[in-house]
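Working notes, beginning with the structure itself.
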Amino acid sequence: MSEPVISVRNLRVEFATRRGILRAIDGVSFDIARGEVLGVVGESGAGKSVTGAAIIGLIEPPGRIAGGEILLHGQRIDNLPPDAMRRIRGRKIAMIFQDPLTSLNPLYRVGEQLIETIRTHTDLSARAARDRAIGLLSEVGIPAPEKRIDGYPHEFSGGMRQRVVIALALSAEPDFIVADEPTTALDVSVQAQIIALIKRLCAERGTAVMLVTHDMGVIAETADRVAVMYAGRVAEIGPVRDVVKHPLHPYAKGLMGAIPTLEAESERLLQIPGSMPRLTRIPPGCAFNPRCSHVFDRCHVDKPEPIEPDAATAARENLMPGHLVACHLYTAKTGGTP
Amino acid sequence: MDGLSVDIRKGETFALVGESGSGKSTVARMAVGLLPVTSGTVTIDGVSMTDVKDSAARQALRKRIQMIFQDPYASLNPRWKVSRIIAEPIHAFGLLKGEAVEARVGELLTLVGLHPDDGKKFPHEFSGGQRQRIAIARALASSAEFIVCDEPTSALDVSVQAQILNLMRDLQKEFGLTYLFISHNLAVVRHMADRIGVMYLGRLVEVSDSKAMFRAPRHPYTRMLLDAVPDLGMTGRQRQMVAGEIPNPINPPSGCTFHPRCPLANERCKREAPAMIDGVACHAVEEGRTGA
Ligand SMILES: Nc1ncnc2c1ncn2[C@@H]1O[C@H](COP(=O)(O)OP(=O)(O)OP(=O)(O)O)[C@@H](O)[C@H]1O
Ligand code: SF4
Ligand code: SF4
Ligand SMILES: [Mg+2]
């Protein structure tokens, strides 16, 4: 793999609360390469959004990055002063959120917002910036962009608004985009269009993307690699096809079996007992141990790190390189039966 | 909402699917009497809900119908203990008194996989999935036979969704419940439904047996919806890209309201609204020009 655009190294994020320090992210690491989409899944509260917010420098008190490093093209960005980070955020890193209205100012025409971003990051004239803005709107599939550019956000439908947000995110030609549930609020038919759009644009421009979603189907279609998060840690990470078709971690297996699909017919869905513990109640050892049907002694004392599974498993499951799992079942020495 | 007729058979799960603005929730609310029906009727076992003048008879009908909502946070009174929430229909319909109520609440909590002691807690002490279990217990408290479920799992994580869907199926088998199941998630609908109605802008465009619909969708909109479902199995299933968005229901297109997005639309479609014939409302299907 070429040098990653983004590297997250052993990231820890904590929130100070009345009840003490909450560790929301506990040692997360991954890389995203040029033109690559890393999907991040996991249940509510697993830490997907906080991870994204940490990368773009939007963790605000009472939260803080308590450890680890975030590198953009090999340069640390987690310890930059706010001003410097703000410049990076417009120019090198962009974001797309679930609710397009959080990214758009309702008082300004969408064109004004696009042109302003373009002009902050380039030395284009007002005229040329407007042309570029129209070009972007047309690229994201907005019909009659030369007219719609003068519309206000509320004059666009939900799906069209999210297209405007994507145009805005692309306007500074960022190297990296965090897309946090970009299609969750949209109708299914529009969702498919937006996903295809993000995928195509990033492939064409070589933008690296971190795509956060609950929807494994969206990940299967869009991502090159996927990270499954659980209780603030990465439980499993690897090439998307590998993880979707051959999940290793008991949680990832349960997750895949719990999803109804159009392809498989089944009387009952696989069910993971219980629910994810609150951050204040994370057990020692493996955070999944109260819900795991394979739990054994070591799981109660040792926190598993994401590593390549033992050779026997890798051969049996025909795994691709770069498929890591954080579970003691796959460390050759300790055994256990997956 | 416009000229919608559906018959739901006892003991079946009838699903309504469609995108937001298609009117699914409006149908749900009319079915349970939360919204007035402007014209037409809602009948249960042949008795019209609107015609029943006598309040005792209306209560008897109401008792048989309950509803589960999408948002398990908004649908439970935050200031009431769970036992009071579940007991409310029991009191409202005067079903039991005194200690028998408490015993019944404990029984219902156990039935939905919670503990009788959970009745002493408040809704905020529960997760989303647990709250949805409480809502199900409440729906069962009046021994309802017909339960309208409006997006019951769309606010839940998939692992929790699986627990709730399994629970709903178990209860259906045990008590012979009839469900009107509303969802935008076709994979969930396929898992749950015996029959399916597809809605577009307040009208039913296709009604069919669930298996048949997934094997061979007939209406162009149904096909589009199926094509929009991500291919989780990574089978490389052939799909056609979905076009356009659902228009504003205040000002729907003429004729067949789907015509601006339909690959098969012609002049007739712009003028004339298609009638429901043999489970599908589409001129192209009627004329045999679907090319499939
Ligand atoms: N401002 C905050 N103060 C305290 N805790 C917080 C704060 N923001 C997030 N957290 C905690 O951090 C954890 C991770 O939250 P995060 O929003 O990243 O979850 P997520 O995986 O994005 O979930 P969802 O799928 O619901 O969006 C949660 O337990 C959450 O309660
Ligand atoms: S480490 Fe142990 S408890 Fe955790 S997932 Fe693996 S087997 Fe289960
Ligand atoms: S009636 Fe015409 S426009 Fe409507 S779905 Fe059928 S072919 Fe398409
Ligand atoms: Mg989130």
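A note on labels: chains of the structure tokens are A, B, ... as shown, every chain counts residues from 1, and ligands are counted from 1 in their shown order.
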- Query: When the cut-off is 7 Å and we count only C-alpha atoms, which residues of chain B are near chain A, given as a ChimeraX atom specification?
  - Reply: /B:19-20,157-159,162-163,166,187-188,191,225,228,230-234,242,245
Could you save the residues just selected, with C-alpha atoms, as a compact mmCIF listing (two decimals), in the first residue's frame?
# COMPACT_ATOMS: atom_id res chain seq x y z
CA GLU B 19 -40.65 5.81 1.01
CA SER B 20 -41.33 8.73 3.31
CA ASP B 157 -29.37 -1.38 16.02
CA VAL B 158 -29.45 -4.47 13.83
CA SER B 159 -28.54 -6.84 16.65
CA ALA B 162 -33.13 -9.13 15.39
CA GLN B 163 -34.20 -9.67 19.01
CA ASN B 166 -37.82 -12.71 16.67
CA ALA B 187 -35.19 -6.93 3.80
CA VAL B 188 -36.99 -6.64 7.13
CA HIS B 191 -38.40 -11.51 6.72
CA LEU B 225 -37.38 -0.24 -4.56
CA ALA B 228 -32.25 0.10 -4.26
CA PRO B 230 -27.89 -2.90 -1.12
CA ASP B 231 -26.48 -6.26 -2.10
CA LEU B 232 -25.24 -7.44 1.27
CA GLY B 233 -24.66 -10.98 0.08
CA MET B 234 -22.31 -9.48 -2.56
CA VAL B 242 -32.80 4.26 -9.27
CA GLU B 245 -37.01 11.35 -5.84
- Task: Can you tell me which residues come within 9 Å of ligand 3 when counting only C-alpha atoms and all ligand atoms, ideally as a ChimeraX atom specification?
- Result: /B:205,219-221,255-270,272-275,281-286,289-290
- Name each residue within 9 Å of ligand 2, counting only C-alpha atoms and all ligand atoms, as a PyMOL selection string. chain A and resi 235+249-251+285-300+302-304+325-330+336-338
- Item | Shell of 6 Å around ligand 1 (only C-alpha atoms and all ligand atoms), written as a ChimeraX atom specification | /A:15,24,43-50,279
- Message: One number please: CA of Leu61 (chain B) to CA of Val189 (chain B), in Å, one decimal.
- Response: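 Interatomic distance, CA of Leu61 (chain B) to CA of Val189 (chain B): 27.1 Å.
With only C-alpha atoms as the basis for measurement, A:Arg9 is the residue among A:Arg86, A:Arg9, A:Arg163, A:Arg109 that approaches Gly74 (chain A) most closely.
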- Message: Give me, as number ranges by chain, all polymer residues having an atom no more than 10 Å from region 98-113 of chain B, counting only C-alpha atoms and skipping those fewer than 6 positions away in the same chain.
- Response: B: 82-88, 90-91, 119, 130, 132-141, 163-164, 167-168, 170-171
Keeping N, CA, C and O atoms for every residue in the selection just given, could you write it to a file as a JSON list (two decimals), in the first residue's frame?
[["chain", "number", "residue", "atom", "x", "y", "z"],
["B", 82, "VAL", "N", -42.66, 1.89, 34.55],
["B", 82, "VAL", "CA", -43.00, 0.94, 33.51],
["B", 82, "VAL", "C", -44.26, 0.14, 33.84],
["B", 82, "VAL", "O", -45.12, -0.09, 32.98],
["B", 83, "SER", "N", -44.43, -0.23, 35.11],
["B", 83, "SER", "CA", -45.61, -1.02, 35.46],
["B", 83, "SER", "C", -46.90, -0.23, 35.19],
["B", 83, "SER", "O", -47.88, -0.77, 34.70],
["B", 84, "ARG", "N", -46.85, 1.08, 35.44],
["B", 84, "ARG", "CA", -48.05, 1.89, 35.20],
["B", 84, "ARG", "C", -48.33, 2.02, 33.70],
["B", 84, "ARG", "O", -49.47, 1.98, 33.26],
["B", 85, "ILE", "N", -47.23, 2.14, 32.93],
["B", 85, "ILE", "CA", -47.38, 2.25, 31.47],
["B", 85, "ILE", "C", -48.05, 1.00, 30.92],
["B", 85, "ILE", "O", -48.99, 1.07, 30.12],
["B", 86, "ILE", "N", -47.58, -0.16, 31.38],
["B", 86, "ILE", "CA", -48.13, -1.41, 30.85],
["B", 86, "ILE", "C", -49.55, -1.65, 31.35],
["B", 86, "ILE", "O", -50.39, -2.18, 30.64],
["B", 87, "ALA", "N", -49.81, -1.19, 32.59],
["B", 87, "ALA", "CA", -51.13, -1.43, 33.17],
["B", 87, "ALA", "C", -52.19, -0.50, 32.59],
["B", 87, "ALA", "O", -53.39, -0.76, 32.73],
["B", 88, "GLU", "N", -51.76, 0.55, 31.92],
["B", 88, "GLU", "CA", -52.72, 1.56, 31.50],
["B", 88, "GLU", "C", -53.87, 0.99, 30.67],
["B", 88, "GLU", "O", -55.04, 1.24, 30.99],
["B", 90, "ILE", "N", -55.00, -1.94, 30.70],
["B", 90, "ILE", "CA", -55.77, -2.84, 31.57],
["B", 90, "ILE", "C", -56.80, -2.03, 32.36],
["B", 90, "ILE", "O", -57.96, -2.40, 32.46],
["B", 91, "HIS", "N", -56.35, -0.88, 32.88],
["B", 91, "HIS", "CA", -57.27, -0.01, 33.61],
["B", 91, "HIS", "C", -58.27, 0.64, 32.66],
["B", 91, "HIS", "O", -59.46, 0.69, 32.94],
["B", 119, "GLY", "N", -40.61, -3.45, 36.20],
["B", 119, "GLY", "CA", -41.79, -2.59, 36.29],
["B", 119, "GLY", "C", -41.59, -1.41, 37.22],
["B", 119, "GLY", "O", -42.23, -0.38, 37.08],
["B", 130, "GLN", "N", -35.00, -2.41, 24.79],
["B", 130, "GLN", "CA", -35.80, -2.75, 25.97],
["B", 130, "GLN", "C", -37.08, -1.92, 26.00],
["B", 130, "GLN", "O", -38.15, -2.41, 26.36],
["B", 132, "GLN", "N", -38.65, -0.85, 23.43],
["B", 132, "GLN", "CA", -39.57, -1.40, 22.44],
["B", 132, "GLN", "C", -40.24, -2.66, 22.99],
["B", 132, "GLN", "O", -41.40, -2.92, 22.71],
["B", 133, "ARG", "N", -39.54, -3.41, 23.83],
["B", 133, "ARG", "CA", -40.17, -4.57, 24.49],
["B", 133, "ARG", "C", -41.29, -4.10, 25.41],
["B", 133, "ARG", "O", -42.34, -4.73, 25.49],
["B", 134, "ILE", "N", -41.05, -2.99, 26.11],
["B", 134, "ILE", "CA", -42.08, -2.44, 27.00],
["B", 134, "ILE", "C", -43.31, -2.04, 26.18],
["B", 134, "ILE", "O", -44.44, -2.33, 26.55],
["B", 135, "ALA", "N", -43.06, -1.40, 25.02],
["B", 135, "ALA", "CA", -44.17, -1.00, 24.16],
["B", 135, "ALA", "C", -44.95, -2.23, 23.68],
["B", 135, "ALA", "O", -46.18, -2.19, 23.58],
["B", 136, "ILE", "N", -44.25, -3.31, 23.41],
["B", 136, "ILE", "CA", -44.93, -4.54, 22.98],
["B", 136, "ILE", "C", -45.76, -5.11, 24.13],
["B", 136, "ILE", "O", -46.91, -5.51, 23.95],
["B", 137, "ALA", "N", -45.18, -5.08, 25.34],
["B", 137, "ALA", "CA", -45.92, -5.57, 26.50],
["B", 137, "ALA", "C", -47.19, -4.76, 26.69],
["B", 137, "ALA", "O", -48.26, -5.30, 26.97],
["B", 138, "ARG", "N", -47.09, -3.46, 26.50],
["B", 138, "ARG", "CA", -48.27, -2.62, 26.66],
["B", 138, "ARG", "C", -49.33, -2.96, 25.60],
["B", 138, "ARG", "O", -50.52, -3.02, 25.87],
["B", 139, "ALA", "N", -48.85, -3.20, 24.36],
["B", 139, "ALA", "CA", -49.79, -3.54, 23.29],
["B", 139, "ALA", "C", -50.50, -4.85, 23.58],
["B", 139, "ALA", "O", -51.66, -5.04, 23.22],
["B", 140, "LEU", "N", -49.82, -5.77, 24.27],
["B", 140, "LEU", "CA", -50.42, -7.07, 24.55],
["B", 140, "LEU", "C", -51.31, -7.04, 25.79],
["B", 140, "LEU", "O", -52.10, -7.95, 26.04],
["B", 141, "ALA", "N", -51.19, -5.94, 26.58],
["B", 141, "ALA", "CA", -51.87, -5.89, 27.88],
["B", 141, "ALA", "C", -53.38, -6.00, 27.74],
["B", 141, "ALA", "O", -54.06, -6.55, 28.59],
["B", 163, "GLN", "N", -33.51, -9.20, 17.81],
["B", 163, "GLN", "CA", -34.20, -9.67, 19.01],
["B", 163, "GLN", "C", -35.68, -9.31, 18.97],
["B", 163, "GLN", "O", -36.54, -10.13, 19.29],
["B", 164, "ILE", "N", -35.98, -8.09, 18.56],
["B", 164, "ILE", "CA", -37.38, -7.64, 18.56],
["B", 164, "ILE", "C", -38.19, -8.37, 17.47],
["B", 164, "ILE", "O", -39.31, -8.80, 17.70],
["B", 167, "LEU", "N", -38.90, -11.79, 18.65],
["B", 167, "LEU", "CA", -39.92, -11.75, 19.70],
["B", 167, "LEU", "C", -41.32, -11.57, 19.08],
["B", 167, "LEU", "O", -42.28, -12.25, 19.44],
["B", 168, "MET", "N", -41.41, -10.66, 18.10],
["B", 168, "MET", "CA", -42.71, -10.41, 17.48],
["B", 168, "MET", "C", -43.25, -11.66, 16.79],
["B", 168, "MET", "O", -44.44, -11.95, 16.85],
["B", 170, "ASP", "N", -42.48, -14.81, 17.62],
["B", 170, "ASP", "CA", -42.85, -15.79, 18.65],
["B", 170, "ASP", "C", -44.23, -15.47, 19.21],
["B", 170, "ASP", "O", -45.07, -16.35, 19.39],
["B", 171, "LEU", "N", -44.47, -14.18, 19.49],
["B", 171, "LEU", "CA", -45.75, -13.78, 20.08],
["B", 171, "LEU", "C", -46.88, -14.00, 19.09],
["B", 171, "LEU", "O", -47.99, -14.38, 19.46]]
- Please measure the separation of CA of Thr331 (chain A) and CA of Asn318 (chain A), giving the value in Å to one decimal.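 Rounded to one decimal, the two atoms are 16.7 Å apart.
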- Query: Could you state the separation of CA of Ala28 (chain B) and CA of Ala74 (chain B) in Å, given to one decimal place?
  - Reply: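 Computed distance, CA of Ala28 (chain B) to CA of Ala74 (chain B), equals 17.1 Å.
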